[in-house]
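Trainee: I'd like to ask some things about the structure below.
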Amino acid sequence: MSHLHLVPSGSGAHSVSGSIPLCRTADLLTRCGHAIRGQYRLSGSLEATSSTPRLQLTLADATGSVLAFVWPEHRPAIELPALGAAVDVAATVRQHEGRAQLCVISMHPLSVDAVSCATDLLADLRGSSSYVPLRSLETNLPGPLQGFLQRVLLDPAIGPCLAGCRASAAHHHAEVGGLLRHSLES
């Protein structure tokens, strides 16, 4: 099994030494048996105490979601933020019943400045027609506006609502996600 070495980064969070590239949930099955690092939204958390105590997490990004487990020996390296928060995760990937699962080694909340791209953390947005234009807008905005958009998208009370809200009840962009599509039209 691979071991990750955590080193402090400038933002106060921890990063994995050796520059492991960020891994999206859609790519996890190709990384089975390997150490990964990823930026995700924490969308679920459950302390399981039956048989083997463990922390069970659901992590999500624009490509989907993944079930993750924290075993007792790694619990001290876990900072559990509120649901919806952006987190940096170091883990190993395993496959269970044809699906990827993560064995989390460490997890730390991310500040807005430490997130590589907020659009990439909006759950299940990759299949949406809004993903590419929103990502392009975010990555091409000047610094202060980019930071503002990232804060909006990463706010658990705003970002998911913006991505899933209808623009109208029965007219133009009345579908789920219509408000975001309407906002991105030129």
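By convention here, the chains of the structure tokens are called A, B, ... in the order presented, each chain's residues are numbered starting at 1, and ligands are numbered starting at 1 in the order presented.
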Enumerate, as a ChimeraX atom specification, the complete set of residues in chain A that a backbone-based DSSP assignment places in strand (DSSP E).
Mentor: /A:6-8,14-16,35-48,54-61,64-70,86-96,99-109
Trainee: For C-alpha atoms, I'd like the residues from the last selection saved as an mmCIF file, in the first residue's frame.
Mentor:
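Contents of result13.cif, as written:
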data_model
loop_
_atom_site.group_PDB
_atom_site.id
_atom_site.type_symbol
_atom_site.label_atom_id
_atom_site.label_comp_id
_atom_site.auth_asym_id
_atom_site.auth_seq_id
_atom_site.Cartn_x
_atom_site.Cartn_y
_atom_site.Cartn_z
ATOM 1 C CA LEU A 6 1.466 15.319 4.359
ATOM 2 C CA VAL A 7 3.224 18.638 4.378
ATOM 3 C CA PRO A 8 1.816 22.028 5.405
ATOM 4 C CA HIS A 14 -2.242 20.210 4.079
ATOM 5 C CA SER A 15 -1.218 18.885 0.700
ATOM 6 C CA VAL A 16 0.263 15.634 -0.442
ATOM 7 C CA ALA A 35 -2.960 6.994 -3.557
ATOM 8 C CA ILE A 36 -4.913 10.002 -4.775
ATOM 9 C CA ARG A 37 -5.571 13.562 -3.758
ATOM 10 C CA GLY A 38 -8.789 15.333 -4.613
ATOM 11 C CA GLN A 39 -10.880 18.395 -3.951
ATOM 12 C CA TYR A 40 -14.514 17.557 -3.277
ATOM 13 C CA ARG A 41 -17.664 18.791 -1.544
ATOM 14 C CA LEU A 42 -18.593 16.934 1.623
ATOM 15 C CA SER A 43 -22.186 15.901 0.913
ATOM 16 C CA GLY A 44 -22.719 13.278 3.619
ATOM 17 C CA SER A 45 -21.260 12.117 6.923
ATOM 18 C CA LEU A 46 -22.225 9.253 9.232
ATOM 19 C CA GLU A 47 -20.460 7.837 12.299
ATOM 20 C CA ALA A 48 -20.930 4.070 12.045
ATOM 21 C CA ARG A 54 -15.719 4.102 11.117
ATOM 22 C CA LEU A 55 -16.676 7.429 9.645
ATOM 23 C CA GLN A 56 -18.588 7.071 6.392
ATOM 24 C CA LEU A 57 -18.492 10.065 4.035
ATOM 25 C CA THR A 58 -20.025 10.962 0.713
ATOM 26 C CA LEU A 59 -17.795 13.200 -1.405
ATOM 27 C CA ALA A 60 -18.943 14.876 -4.614
ATOM 28 C CA ASP A 61 -17.659 16.960 -7.495
ATOM 29 C CA GLY A 64 -20.310 12.479 -9.565
ATOM 30 C CA SER A 65 -20.018 11.211 -6.002
ATOM 31 C CA VAL A 66 -18.069 8.549 -4.138
ATOM 32 C CA LEU A 67 -18.442 6.690 -0.861
ATOM 33 C CA ALA A 68 -15.449 7.181 1.430
ATOM 34 C CA PHE A 69 -14.457 5.571 4.714
ATOM 35 C CA VAL A 70 -12.261 6.812 7.539
ATOM 36 C CA ALA A 86 -15.063 22.072 0.100
ATOM 37 C CA VAL A 87 -12.436 19.609 1.349
ATOM 38 C CA ASP A 88 -8.979 18.424 0.351
ATOM 39 C CA VAL A 89 -8.764 14.625 0.611
ATOM 40 C CA ALA A 90 -5.794 12.266 0.558
ATOM 41 C CA ALA A 91 -6.883 8.655 0.154
ATOM 42 C CA THR A 92 -6.294 5.289 -1.430
ATOM 43 C CA VAL A 93 -8.773 3.970 -3.966
ATOM 44 C CA ARG A 94 -10.362 0.540 -3.853
ATOM 45 C CA GLN A 95 -13.121 -1.106 -5.839
ATOM 46 C CA HIS A 96 -16.189 -2.628 -4.181
ATOM 47 C CA ARG A 99 -17.694 1.029 -7.829
ATOM 48 C CA ALA A 100 -14.798 3.080 -6.545
ATOM 49 C CA GLN A 101 -14.499 3.726 -2.816
ATOM 50 C CA LEU A 102 -11.988 5.813 -0.925
ATOM 51 C CA CYS A 103 -10.055 4.893 2.199
ATOM 52 C CA VAL A 104 -9.388 8.396 3.512
ATOM 53 C CA ILE A 105 -6.010 9.090 5.079
ATOM 54 C CA SER A 106 -6.546 12.795 5.713
ATOM 55 C CA MET A 107 -9.172 15.431 5.036
ATOM 56 C CA HIS A 108 -9.051 19.174 5.632
ATOM 57 C CA PRO A 109 -11.493 21.997 4.837
#
Trainee: Which is closest to Ser111 (chain A) among A:Leu134, A:Ala26, A:Gln150, A:Pro142, if we use only C-alpha atoms?
Mentor: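 For Ser111 (chain A), the nearest of the given residues is A:Gln150.
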Trainee: Apply DSSP to the structure's backbone, then extract all residues of region 57-181 of chain A labelled alpha helix (DSSP H) and return them as a PyMOL selection string.
Mentor: chain A and resi 131-140+143-154+159-164+178-181
Trainee: Take the residues just selected and output them with N, CA, C and O atoms as a short mmCIF file (atom, residue, chain, number, x, y, z; two decimals), in the first residue's frame.
Mentor:
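Listing of part06.cif after writing:
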data_model
loop_
_atom_site.label_atom_id
_atom_site.label_comp_id
_atom_site.auth_asym_id
_atom_site.auth_seq_id
_atom_site.Cartn_x
_atom_site.Cartn_y
_atom_site.Cartn_z
N TYR A 131 -21.80 23.53 -17.62
CA TYR A 131 -20.48 23.27 -17.05
C TYR A 131 -19.36 24.01 -17.79
O TYR A 131 -18.61 24.76 -17.17
N VAL A 132 -19.24 23.83 -19.08
CA VAL A 132 -18.13 24.43 -19.83
C VAL A 132 -18.19 25.96 -19.80
O VAL A 132 -17.18 26.61 -19.50
N PRO A 133 -19.35 26.58 -20.07
CA PRO A 133 -19.36 28.05 -20.01
C PRO A 133 -19.09 28.61 -18.61
O PRO A 133 -18.40 29.62 -18.47
N LEU A 134 -19.61 27.95 -17.56
CA LEU A 134 -19.37 28.44 -16.20
C LEU A 134 -17.90 28.29 -15.83
O LEU A 134 -17.30 29.20 -15.26
N ARG A 135 -17.29 27.16 -16.18
CA ARG A 135 -15.87 26.94 -15.88
C ARG A 135 -15.01 27.96 -16.63
O ARG A 135 -14.06 28.51 -16.08
N SER A 136 -15.36 28.21 -17.88
CA SER A 136 -14.63 29.19 -18.67
C SER A 136 -14.75 30.58 -18.07
O SER A 136 -13.77 31.32 -17.97
N LEU A 137 -15.97 30.95 -17.67
CA LEU A 137 -16.18 32.25 -17.03
C LEU A 137 -15.34 32.36 -15.77
O LEU A 137 -14.61 33.33 -15.57
N GLU A 138 -15.40 31.33 -14.91
CA GLU A 138 -14.66 31.37 -13.65
C GLU A 138 -13.16 31.49 -13.87
O GLU A 138 -12.49 32.29 -13.21
N THR A 139 -12.62 30.72 -14.77
CA THR A 139 -11.16 30.71 -14.95
C THR A 139 -10.64 31.92 -15.73
O THR A 139 -9.44 32.18 -15.70
N ASN A 140 -11.52 32.68 -16.38
CA ASN A 140 -11.08 33.83 -17.16
C ASN A 140 -11.42 35.18 -16.54
O ASN A 140 -11.08 36.22 -17.11
N GLY A 143 -8.97 38.63 -11.09
CA GLY A 143 -8.84 38.19 -9.70
C GLY A 143 -9.98 38.47 -8.75
O GLY A 143 -10.57 37.55 -8.21
N PRO A 144 -10.33 39.75 -8.53
CA PRO A 144 -11.39 40.03 -7.55
C PRO A 144 -12.75 39.43 -7.95
O PRO A 144 -13.46 38.90 -7.11
N LEU A 145 -13.09 39.48 -9.23
CA LEU A 145 -14.36 38.92 -9.68
C LEU A 145 -14.33 37.39 -9.63
O LEU A 145 -15.32 36.75 -9.30
N GLN A 146 -13.18 36.80 -9.95
CA GLN A 146 -13.05 35.36 -9.87
C GLN A 146 -13.25 34.89 -8.42
O GLN A 146 -13.97 33.93 -8.16
N GLY A 147 -12.63 35.58 -7.48
CA GLY A 147 -12.79 35.25 -6.07
C GLY A 147 -14.24 35.37 -5.62
O GLY A 147 -14.74 34.54 -4.87
N PHE A 148 -14.93 36.42 -6.10
CA PHE A 148 -16.34 36.61 -5.76
C PHE A 148 -17.18 35.44 -6.28
O PHE A 148 -17.98 34.86 -5.54
N LEU A 149 -16.99 35.08 -7.56
CA LEU A 149 -17.75 33.98 -8.14
C LEU A 149 -17.44 32.67 -7.39
O LEU A 149 -18.35 31.90 -7.11
N GLN A 150 -16.19 32.45 -7.05
CA GLN A 150 -15.83 31.23 -6.33
C GLN A 150 -16.51 31.19 -4.95
O GLN A 150 -16.99 30.14 -4.53
N ARG A 151 -16.56 32.33 -4.26
CA ARG A 151 -17.23 32.37 -2.96
C ARG A 151 -18.73 32.06 -3.10
O ARG A 151 -19.30 31.34 -2.28
N VAL A 152 -19.35 32.58 -4.16
CA VAL A 152 -20.76 32.31 -4.41
C VAL A 152 -20.97 30.82 -4.70
O VAL A 152 -21.84 30.17 -4.11
N LEU A 153 -20.17 30.26 -5.60
CA LEU A 153 -20.34 28.86 -5.98
C LEU A 153 -20.04 27.89 -4.83
O LEU A 153 -20.65 26.83 -4.74
N LEU A 154 -19.09 28.25 -3.96
CA LEU A 154 -18.71 27.37 -2.86
C LEU A 154 -19.58 27.54 -1.62
O LEU A 154 -19.51 26.72 -0.71
N GLY A 159 -24.45 28.08 -3.99
CA GLY A 159 -23.95 27.37 -5.17
C GLY A 159 -24.84 26.24 -5.66
O GLY A 159 -25.26 26.24 -6.83
N PRO A 160 -25.19 25.27 -4.81
CA PRO A 160 -26.05 24.18 -5.28
C PRO A 160 -27.44 24.67 -5.72
O PRO A 160 -28.01 24.14 -6.68
N CYS A 161 -27.96 25.68 -5.05
CA CYS A 161 -29.26 26.23 -5.45
C CYS A 161 -29.18 26.89 -6.81
O CYS A 161 -30.06 26.72 -7.65
N LEU A 162 -28.12 27.66 -7.04
CA LEU A 162 -27.93 28.32 -8.33
C LEU A 162 -27.83 27.28 -9.45
O LEU A 162 -28.42 27.44 -10.51
N ALA A 163 -27.12 26.20 -9.20
CA ALA A 163 -26.92 25.17 -10.21
C ALA A 163 -28.20 24.38 -10.50
O ALA A 163 -28.36 23.84 -11.59
N GLY A 164 -29.13 24.32 -9.53
CA GLY A 164 -30.32 23.50 -9.72
C GLY A 164 -31.63 24.25 -9.86
O GLY A 164 -32.66 23.65 -10.13
N GLY A 178 -32.03 25.81 -15.06
CA GLY A 178 -32.34 26.84 -16.05
C GLY A 178 -31.84 28.23 -15.67
O GLY A 178 -31.44 29.01 -16.54
N LEU A 179 -31.85 28.57 -14.39
CA LEU A 179 -31.39 29.90 -13.96
C LEU A 179 -29.90 30.07 -14.28
O LEU A 179 -29.49 31.12 -14.78
N LEU A 180 -29.11 29.05 -14.02
CA LEU A 180 -27.69 29.13 -14.33
C LEU A 180 -27.47 29.23 -15.84
O LEU A 180 -26.70 30.07 -16.31
N ARG A 181 -28.19 28.41 -16.63
CA ARG A 181 -28.05 28.49 -18.09
C ARG A 181 -28.45 29.86 -18.59
O ARG A 181 -27.76 30.45 -19.43
#
Trainee: Could you check which of A:Pro53, A:Val112, A:Ile158, A:His171 is closest to His74 (chain A), using only C-alpha atoms?
Mentor: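 Under the stated criterion, the closest residue is A:Pro53.
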Trainee: Give the answer as one residue: which of A:Ser50, A:Ser128, A:Gly98, A:Pro81 has the shortest atom-to-atom distance to Leu110 (chain A), using only C-alpha atoms?
Mentor: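 Checking each of A:Ser50, A:Ser128, A:Gly98, A:Pro81 against Leu110 (chain A), counting only C-alpha atoms, the winner is A:Pro81.
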Trainee: May I ask for the distance between CA of His173 (chain A) and CA of Asp120 (chain A), given in Å to one decimal place?
Mentor: 22.5 Å
Trainee: In Å to one decimal, how far is CA of Asp113 (chain A) from CA of Ala77 (chain A)?
Mentor: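 According to the coordinates, CA of Ala77 (chain A) and CA of Asp113 (chain A) are separated by 21.6 Å.
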Trainee: Check the smallest atom-to-atom distance from each of A:Ser168, A:Thr25, A:Ser116, A:Ser130 to Thr63 (chain A) using only C-alpha atoms, then report the winner.
Mentor: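 Nearest candidate to Thr63 (chain A) out of A:Ser168, A:Thr25, A:Ser116, A:Ser130: A:Thr25.
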Trainee: Return the single residue from A:Leu29, A:Ala174, A:Glu185, A:Leu83 that is closest to Glu97 (chain A), with distances computed using only C-alpha atoms.
Mentor: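 Looking at the shortest contact to Glu97 (chain A), the residue is A:Leu29.
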